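Note: the block below is protein02.cif and it holds mmCIF, C-alpha atoms.
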data_start
#
loop_
_atom_site.label_atom_id
_atom_site.label_comp_id
_atom_site.auth_asym_id
_atom_site.auth_seq_id
_atom_site.Cartn_x
_atom_site.Cartn_y
_atom_site.Cartn_z
CA MET A 252 -43.90 -3.51 -86.02
CA GLY A 253 -46.61 -2.71 -88.55
CA PHE A 254 -44.17 -1.01 -90.88
CA LEU A 255 -42.62 -4.42 -91.63
CA ARG A 256 -45.76 -5.34 -93.58
CA ASN A 257 -44.61 -2.88 -96.23
CA TYR A 258 -41.62 -5.10 -97.02
CA SER A 259 -41.54 -8.27 -99.10
CA LEU A 260 -39.51 -11.23 -97.82
CA PRO A 261 -36.48 -10.27 -99.96
CA GLY A 262 -36.86 -6.71 -98.73
CA LEU A 263 -36.87 -7.86 -95.10
CA LEU A 264 -33.76 -9.97 -95.69
CA LEU A 265 -31.99 -6.99 -97.27
CA LEU A 266 -33.02 -4.78 -94.33
CA ALA A 267 -31.66 -7.37 -91.88
CA VAL A 268 -28.35 -7.52 -93.75
CA GLN A 269 -28.08 -3.72 -93.74
CA ILE A 270 -28.74 -3.56 -90.00
CA ALA A 271 -26.21 -6.33 -89.33
CA CYS A 272 -23.55 -4.53 -91.37
CA ILE A 273 -24.18 -1.21 -89.61
CA VAL A 274 -23.96 -2.91 -86.21
CA HIS A 275 -20.67 -4.47 -87.33
CA VAL A 276 -19.35 -1.04 -88.38
CA VAL A 277 -20.16 0.48 -84.98
CA ARG A 278 -19.01 -2.41 -82.79
CA ASN A 279 -15.72 -2.88 -84.62
CA GLY A 280 -14.80 0.78 -84.99
CA ARG A 281 -14.85 0.77 -88.79
CA ASN A 282 -14.96 3.97 -90.83
CA THR A 283 -18.46 5.49 -90.45
CA MET A 284 -18.50 6.33 -94.18
CA TRP A 285 -19.45 2.69 -94.62
CA ILE A 286 -22.82 3.41 -93.00
CA MET A 287 -23.63 5.94 -95.71
CA LEU A 288 -22.73 3.46 -98.44
CA ILE A 289 -24.77 0.68 -96.82
CA LEU A 290 -27.83 2.92 -96.44
CA PHE A 291 -27.77 4.68 -99.80
CA ALA A 292 -26.63 1.77 -101.97
CA PRO A 293 -28.84 -1.07 -100.66
CA GLY A 294 -27.53 -4.51 -101.48
CA ILE A 295 -24.41 -3.36 -103.29
CA GLY A 296 -23.15 -1.34 -100.30
CA ALA A 297 -23.64 -4.22 -97.88
CA ALA A 298 -22.02 -6.66 -100.33
CA VAL A 299 -18.96 -4.43 -100.79
CA TYR A 300 -18.67 -3.96 -97.02
CA PHE A 301 -18.81 -7.70 -96.42
CA ILE A 302 -16.16 -8.46 -99.04
CA ILE A 303 -13.71 -5.75 -97.90
CA GLU A 304 -14.23 -5.63 -94.14
CA VAL A 305 -15.84 -8.86 -92.93
CA TRP A 306 -14.67 -11.64 -95.23
CA PRO A 307 -10.90 -11.07 -94.75
CA ASP A 308 -11.39 -11.41 -90.97
CA LEU A 309 -13.40 -14.61 -91.34
CA ARG A 310 -10.91 -16.11 -93.78
CA ALA A 311 -7.84 -15.21 -91.74
CA GLY A 312 -9.38 -16.11 -88.39
CA ARG A 313 -8.50 -12.80 -86.73
CA GLY A 314 -7.56 -12.97 -83.06
CA ARG A 315 -4.34 -13.70 -81.23
CA GLY A 316 -5.62 -16.10 -78.59
CA LEU A 317 -2.76 -18.51 -77.97
CA ASN A 318 0.09 -16.10 -78.42
CA LEU A 319 2.52 -18.87 -79.28
CA GLN A 320 5.01 -18.89 -82.15
CA ILE A 321 3.38 -16.66 -84.78
CA PRO A 322 4.13 -17.48 -88.44
CA GLU A 323 5.93 -14.65 -90.16
CA THR A 324 3.53 -12.48 -92.13
CA SER A 325 4.27 -12.07 -95.82
CA GLY A 326 5.07 -8.72 -97.38
CA ARG A 327 1.99 -9.09 -99.59
CA THR A 328 -0.28 -9.38 -96.54
CA ILE A 329 1.33 -6.35 -94.93
CA LYS A 330 0.87 -4.34 -98.12
CA ARG A 331 -2.80 -5.31 -98.25
CA LEU A 332 -3.30 -4.26 -94.63
CA GLN A 333 -1.56 -0.95 -95.29
CA GLU A 334 -3.90 -0.31 -98.22
CA GLU A 335 -6.92 -1.23 -96.09
CA LEU A 336 -5.75 1.16 -93.38
CA ASP A 337 -5.46 3.98 -95.94
CA PHE A 338 -9.05 3.30 -97.00
CA SER A 339 -10.50 2.67 -93.52
CA SER A 340 -8.38 4.29 -90.80
CA THR A 341 -9.69 2.66 -87.63
CA VAL A 342 -8.15 1.41 -84.41
CA LYS A 343 -8.91 -2.18 -85.42
CA LYS A 344 -7.16 -1.84 -88.79
CA ARG A 345 -4.16 -0.17 -87.17
CA VAL A 346 -3.88 -2.99 -84.62
CA GLU A 347 -4.09 -5.62 -87.38
CA LEU A 348 -1.29 -3.93 -89.32
CA ALA A 349 0.87 -3.60 -86.21
CA GLN A 350 0.38 -7.30 -85.43
CA ALA A 351 1.35 -8.24 -88.97
CA LEU A 352 4.47 -6.08 -88.87
CA ALA A 353 5.46 -7.51 -85.50
CA SER A 354 5.03 -11.08 -86.74
CA ALA A 355 7.38 -10.15 -89.61
CA ARG A 356 9.82 -8.88 -86.97
CA ARG A 357 9.46 -5.30 -88.22
CA TYR A 358 9.08 -4.09 -84.66
CA ASP A 359 9.99 -0.43 -85.16
CA GLU A 360 7.35 -0.09 -87.88
CA ALA A 361 4.80 -1.88 -85.71
CA THR A 362 5.54 0.46 -82.80
CA GLU A 363 5.22 3.52 -85.02
CA THR A 364 1.94 2.25 -86.48
CA LEU A 365 0.46 2.17 -82.99
CA ALA A 366 2.17 5.35 -81.78
CA VAL A 367 0.53 7.37 -84.58
CA SER A 368 -2.85 6.71 -82.95
CA LEU A 369 -1.70 7.07 -79.34
CA ARG A 370 -2.15 10.82 -79.51
CA GLY A 371 -4.90 13.31 -78.81
CA VAL A 372 -8.13 11.69 -77.68
CA PHE A 373 -6.56 8.24 -78.16
CA LYS A 374 -3.46 9.07 -76.10
CA ASP A 375 -4.26 6.44 -73.47
CA ASP A 376 -6.45 4.12 -75.51
CA PRO A 377 -6.35 0.75 -73.66
CA VAL A 378 -6.56 -1.42 -76.80
CA LEU A 379 -3.67 0.36 -78.52
CA THR A 380 -1.62 0.50 -75.32
CA LEU A 381 -1.98 -3.23 -74.72
CA GLU A 382 -1.01 -3.98 -78.31
CA LEU A 383 2.01 -1.70 -77.88
CA ALA A 384 3.03 -3.71 -74.81
CA GLU A 385 2.70 -6.89 -76.90
CA VAL A 386 4.92 -5.52 -79.67
CA HIS A 387 7.54 -4.43 -77.15
CA PHE A 388 7.52 -7.92 -75.65
CA GLN A 389 8.02 -9.59 -79.02
CA ALA A 390 10.94 -7.22 -79.59
CA GLY A 391 12.44 -8.12 -76.20
CA ARG A 392 11.94 -4.60 -74.82
CA HIS A 393 10.89 -5.67 -71.33
CA VAL A 394 11.25 -2.26 -69.68
CA GLU A 395 8.94 -0.72 -72.29
CA VAL A 396 6.43 -3.54 -71.76
CA LEU A 397 6.22 -2.75 -68.06
CA ALA A 398 5.87 0.98 -68.78
CA ALA A 399 2.91 0.33 -71.10
CA LEU A 400 1.30 -1.98 -68.54
CA ASP A 401 1.78 0.65 -65.83
CA THR A 402 -0.18 3.06 -68.05
CA LEU A 403 -3.06 0.58 -68.19
CA ASP A 404 -2.97 0.17 -64.42
CA ARG A 405 -3.01 3.95 -63.97
CA LEU A 406 -6.06 4.14 -66.23
CA GLN A 407 -7.67 1.40 -64.13
CA SER A 408 -8.39 -0.50 -67.33
CA LYS A 409 -9.87 -3.96 -66.86
CA ASP A 410 -9.38 -5.07 -70.46
CA GLY A 411 -7.21 -8.14 -71.13
CA ARG A 412 -6.40 -8.70 -67.47
CA GLN A 413 -4.98 -12.22 -67.87
CA ARG A 414 -2.96 -11.22 -70.92
CA ARG A 415 -1.51 -8.24 -69.04
CA LEU A 416 -0.55 -10.33 -66.02
CA LEU A 417 1.27 -12.83 -68.24
CA LEU A 418 3.06 -10.07 -70.15
CA ALA A 419 4.20 -8.54 -66.87
CA ALA A 420 5.32 -11.92 -65.51
CA ARG A 421 7.29 -12.85 -68.61
CA SER A 422 8.88 -9.40 -68.89
CA LEU A 423 9.93 -9.45 -65.24
CA GLN A 424 11.40 -12.90 -65.85
CA GLY A 425 13.26 -11.50 -68.84
CA LEU A 426 14.72 -8.80 -66.58
CA GLY A 427 15.79 -11.40 -64.01
CA ARG A 428 13.26 -10.19 -61.43
CA ASN A 429 12.08 -13.73 -60.77
CA GLY A 430 10.45 -13.17 -57.37
CA GLU A 431 8.16 -10.50 -58.83
CA ALA A 432 7.59 -12.61 -61.93
CA ARG A 433 6.37 -15.56 -59.84
CA ALA A 434 3.77 -13.36 -58.13
CA PHE A 435 2.37 -12.27 -61.50
CA PHE A 436 2.33 -15.85 -62.82
CA ASP A 437 0.37 -16.91 -59.73
CA ALA A 438 -2.07 -14.02 -60.18
CA ALA A 439 -2.64 -14.97 -63.82
CA LEU A 440 -3.29 -18.57 -62.81
CA GLU A 441 -5.92 -17.43 -60.30
CA GLN A 442 -7.80 -15.69 -63.12
CA ALA A 443 -7.19 -18.40 -65.70
CA SER A 444 -9.87 -18.87 -68.34
CA GLY A 445 -7.78 -21.48 -70.14
CA GLU A 446 -4.58 -23.47 -69.76
CA GLU A 447 -2.07 -20.85 -70.92
CA PRO A 448 -1.29 -19.45 -67.42
CA ARG A 449 -0.70 -22.98 -66.08
CA CYS A 450 1.67 -23.81 -68.93
CA ARG A 451 3.48 -20.47 -68.66
CA LEU A 452 3.99 -20.97 -64.92
CA ALA A 453 5.22 -24.51 -65.54
CA GLN A 454 7.76 -23.21 -68.08
CA PHE A 455 8.90 -20.61 -65.57
CA LEU A 456 9.34 -23.29 -62.88
CA VAL A 457 11.39 -25.44 -65.25
CA ALA A 458 13.70 -22.45 -65.82
CA GLN A 459 14.02 -22.07 -62.05
CA GLY A 460 14.89 -25.76 -61.61
CA GLU A 461 11.60 -26.57 -59.85
CA THR A 462 10.91 -29.57 -62.05
CA ALA A 463 8.59 -31.43 -59.66
CA ALA A 464 6.22 -28.47 -59.41
CA ALA A 465 6.39 -27.96 -63.18
CA ARG A 466 5.61 -31.61 -63.82
CA ALA A 467 2.56 -31.38 -61.57
CA LEU A 468 1.24 -28.38 -63.49
CA PHE A 469 1.75 -30.04 -66.88
CA ALA A 470 -0.03 -33.15 -65.57
CA GLU A 471 -2.93 -30.98 -64.36
CA VAL A 472 -3.31 -29.53 -67.86
CA LEU A 473 -3.66 -33.05 -69.30
CA LYS A 474 -6.09 -34.03 -66.53
CA ASN A 475 -8.24 -30.98 -67.27
CA ALA A 476 -8.13 -31.80 -70.98
CA LYS A 477 -9.40 -35.32 -70.34
CA GLN A 478 -12.28 -34.02 -68.23
CA GLY A 479 -13.03 -30.88 -70.22
CA GLY A 480 -14.59 -32.33 -73.34
CA GLY A 481 -14.27 -31.42 -77.01
CA ILE A 482 -14.79 -27.64 -76.82
CA PHE A 483 -12.25 -27.29 -74.02
CA GLN A 484 -9.75 -29.41 -75.90
CA ARG A 485 -10.13 -27.43 -79.13
CA HIS A 486 -9.75 -24.11 -77.31
CA ASN A 487 -6.62 -25.30 -75.50
CA ARG A 488 -5.16 -27.56 -78.19
CA ALA A 489 -1.78 -25.82 -78.34
CA TRP A 490 -1.39 -25.75 -74.56
CA ILE A 491 -2.31 -29.41 -74.23
CA ALA A 492 0.36 -30.24 -76.80
CA LEU A 493 2.85 -28.06 -74.93
CA ALA A 494 2.04 -29.86 -71.67
CA LYS A 495 2.61 -33.25 -73.31
CA ASP A 496 5.95 -32.09 -74.69
CA GLY A 497 6.86 -30.59 -71.30
CA LEU A 498 6.21 -33.84 -69.46
CA ALA A 499 8.13 -35.79 -72.07
CA ALA A 500 11.11 -33.42 -71.72
CA LEU A 501 11.08 -33.72 -67.93
CA GLY A 502 10.88 -37.50 -68.07
CA LYS A 503 9.66 -39.71 -65.26
CA GLU A 504 10.22 -38.84 -61.62
#
Translate this structure into C-alpha cells?
Amino acid sequence: MGFLRNYSLPGLLLLAVQIACIVHVVRNGRNTMWIMLILFAPGIGAAVYFIIEVWPDLRAGRGRGLNLQIPETSGRTIKRLQEELDFSSTVKKRVELAQALASARRYDEATETLAVSLRGVFKDDPVLTLELAEVHFQAGRHVEVLAALDTLDRLQSKDGRQRRLLLAARSLQGLGRNGEARAFFDAALEQASGEEPRCRLAQFLVAQGETAAARALFAEVLKNAKQGGGIFQRHNRAWIALAKDGLAALGKE
C-alpha cells in the first residue's frame, strides 16, 4: 500500500470516487465507455457519470419491489429514458424503459424494447426474460407469461424465484387453472421473504370463496407486522395496508 503515500488526501478521495464509479459501471452493466471517461477525465468524468447514471436512480428510487398499482409514467419520463438508452445501451437501461412503457400501458412497445435484446448472446438472458414475463402479465397475456417462465425453468435460472412463482400463480388463476394456481401460491409462501405471498394467497382464497382461510392469512400479516419492528413494517407497508383493508372488507366472523 506504499503507493498511497504519493497521494494527498484530496487525491485519495478522488481515487476512491473513481474506483466506486468504475465498480458501479461493471456491476450495473453500464456502457464501458464510461470507464474511459472516468479514468482519463479525473473528477469531471466521475461527476458526469454520477449525474447521468447514478443520481436519476437515487432520485427515482429504482426497483419494483411491491409490484402493486404502478402510477402511469409520463411521456416526458419515457422520452428521457429513450434518450438515455441511445447514449448508454445496456440491459439495465432497456429494462427501465420497458418498465416505464408498461406502466404507461404501452405494452407492445415495452415488449419490443425487451425483444430487441433477447437475441444473439442475450437470447435467453434471465433478467430480460423475467421482465418480459412481467410485461406480458400487466398486459393480461397469461399464456405468454407462462411461456417466458418455462424458459427460465429450462435455463435452471434461480433469479427472482418468489417473483416467478407469484407470476405463475396469478397467470394460472387468470386462465382459470385454479388448482395449479393454488400450488404455486403455496410454493411462493414457503419461500416468502416478505408479506406479499401471504397477501396474494389471501386474495386468491377470497376469490375462491374461502373467506375464513383468507381472514386468517390477513390476520397473520398484521400479527407479523406487530412483532416485526420498524424495518419490517417499512418494507411491507403496502402489504400491511392491504391486509387491513382485506380484513375490513371481510368483516367479522
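When the PyMOL selection byres ((chain A and resi 329) around 10) is evaluated against the file, it yields Thr324, Ser325, Gly326, Arg327, Thr328, Lys330, Arg331, Leu332, Gln333, Glu334, Glu335, Glu347, Leu348, Ala349, Gln350, Ala351, Leu352 and Ala355 of chain A.
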Inset, instruction - Go through the shown structure with the PyMOL selection byres ((chain A and resi 485-496) around 9) and write out the matching residues as a PyMOL selection string. - result: chain A and resi 317+319+445-447+449-450+453+466+468-473+476+480-484+497-501
Legend entry - Spatial neighbours of region 374-384 of chain A, 7 Å, all atoms listed in the file, chain gap at least 3 places, as a PyMOL selection string: chain A and resi 346+362+365+369-371+387-388+396+399-400+403+408
Inset, instruction - For each of A:Arg421, A:Arg428, A:Lys477, A:Arg412, take the minimum atom-to-atom distance to Glu441 (chain A), counting only C-alpha atoms, then give the residue where this is smallest. - result: A:Arg412
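The space between CA of Leu426 (chain A) and CA of Gly460 (chain A) spans 17.7 Å.
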Could you work out an axis-aligned bounding box for all listed atoms of region 452-463 of chain A, with 6 Å added on each of the six sides, and give its centre and edge lengths in Å to one decimal, as lines of an AutoDock Vina configuration file?
center_x = 9.4
center_y = -26.0
center_z = -63.9
size_x = 22.9
size_y = 22.8
size_z = 20.4
Legend entry - Two-atom distance - CA of Gly430 (chain A), CA of Glu385 (chain A) (Å):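 Between CA of Gly430 (chain A) and CA of Glu385 (chain A) the gap is 21.9 Å.
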Legend entry - Pairwise distance for CA of Ala463 (chain A) and CA of Ala439 (chain A), rounded to one decimal in Å: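 Calculated distance between CA of Ala463 (chain A) and CA of Ala439 (chain A) is 20.4 Å.
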Please reconstruct the missing atoms of region 474-492 of chain A (target: N, CA and C atoms) and return them as a JSON list (two decimals), keeping the file's coordinate frame.
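As a result, part_25.json now contains:
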[["chain", "number", "residue", "atom", "x", "y", "z"],
["A", 474, "LYS", "N", -4.92, -33.56, -67.28],
["A", 474, "LYS", "CA", -6.09, -34.03, -66.53],
["A", 474, "LYS", "C", -7.32, -33.19, -66.88],
["A", 475, "ASN", "N", -7.13, -31.87, -66.92],
["A", 475, "ASN", "CA", -8.24, -30.98, -67.27],
["A", 475, "ASN", "C", -8.72, -31.24, -68.70],
["A", 476, "ALA", "N", -7.77, -31.53, -69.58],
["A", 476, "ALA", "CA", -8.13, -31.80, -70.98],
["A", 476, "ALA", "C", -8.99, -33.06, -71.08],
["A", 477, "LYS", "N", -8.64, -34.06, -70.31],
["A", 477, "LYS", "CA", -9.40, -35.32, -70.34],
["A", 477, "LYS", "C", -10.82, -35.12, -69.83],
["A", 478, "GLN", "N", -10.97, -34.24, -68.84],
["A", 478, "GLN", "CA", -12.28, -34.02, -68.23],
["A", 478, "GLN", "C", -13.08, -32.91, -68.91],
["A", 479, "GLY", "N", -12.40, -32.08, -69.71],
["A", 479, "GLY", "CA", -13.03, -30.88, -70.22],
["A", 479, "GLY", "C", -13.91, -31.05, -71.44],
["A", 480, "GLY", "N", -13.75, -32.13, -72.17],
["A", 480, "GLY", "CA", -14.59, -32.33, -73.34],
["A", 480, "GLY", "C", -14.02, -31.67, -74.59],
["A", 481, "GLY", "N", -14.76, -31.84, -75.70],
["A", 481, "GLY", "CA", -14.27, -31.42, -77.01],
["A", 481, "GLY", "C", -14.02, -29.94, -77.15],
["A", 482, "ILE", "N", -14.95, -29.08, -76.68],
["A", 482, "ILE", "CA", -14.79, -27.64, -76.82],
["A", 482, "ILE", "C", -13.57, -27.16, -76.05],
["A", 483, "PHE", "N", -13.42, -27.65, -74.83],
["A", 483, "PHE", "CA", -12.25, -27.29, -74.02],
["A", 483, "PHE", "C", -10.97, -27.70, -74.71],
["A", 484, "GLN", "N", -10.95, -28.90, -75.26],
["A", 484, "GLN", "CA", -9.75, -29.41, -75.90],
["A", 484, "GLN", "C", -9.39, -28.61, -77.15],
["A", 485, "ARG", "N", -10.41, -28.23, -77.93],
["A", 485, "ARG", "CA", -10.13, -27.43, -79.13],
["A", 485, "ARG", "C", -9.59, -26.05, -78.75],
["A", 486, "HIS", "N", -10.17, -25.44, -77.74],
["A", 486, "HIS", "CA", -9.75, -24.11, -77.31],
["A", 486, "HIS", "C", -8.33, -24.12, -76.76],
["A", 487, "ASN", "N", -7.92, -25.22, -76.16],
["A", 487, "ASN", "CA", -6.62, -25.30, -75.50],
["A", 487, "ASN", "C", -5.66, -26.28, -76.20],
["A", 488, "ARG", "N", -5.93, -26.54, -77.48],
["A", 488, "ARG", "CA", -5.16, -27.56, -78.19],
["A", 488, "ARG", "C", -3.65, -27.33, -78.09],
["A", 489, "ALA", "N", -3.22, -26.11, -78.34],
["A", 489, "ALA", "CA", -1.78, -25.82, -78.34],
["A", 489, "ALA", "C", -1.17, -26.01, -76.96],
["A", 490, "TRP", "N", -1.93, -25.63, -75.92],
["A", 490, "TRP", "CA", -1.39, -25.75, -74.56],
["A", 490, "TRP", "C", -1.37, -27.20, -74.10],
["A", 491, "ILE", "N", -2.32, -27.98, -74.55],
["A", 491, "ILE", "CA", -2.31, -29.41, -74.23],
["A", 491, "ILE", "C", -1.09, -30.07, -74.86],
["A", 492, "ALA", "N", -0.82, -29.70, -76.12],
["A", 492, "ALA", "CA", 0.36, -30.24, -76.80],
["A", 492, "ALA", "C", 1.64, -29.81, -76.09]]
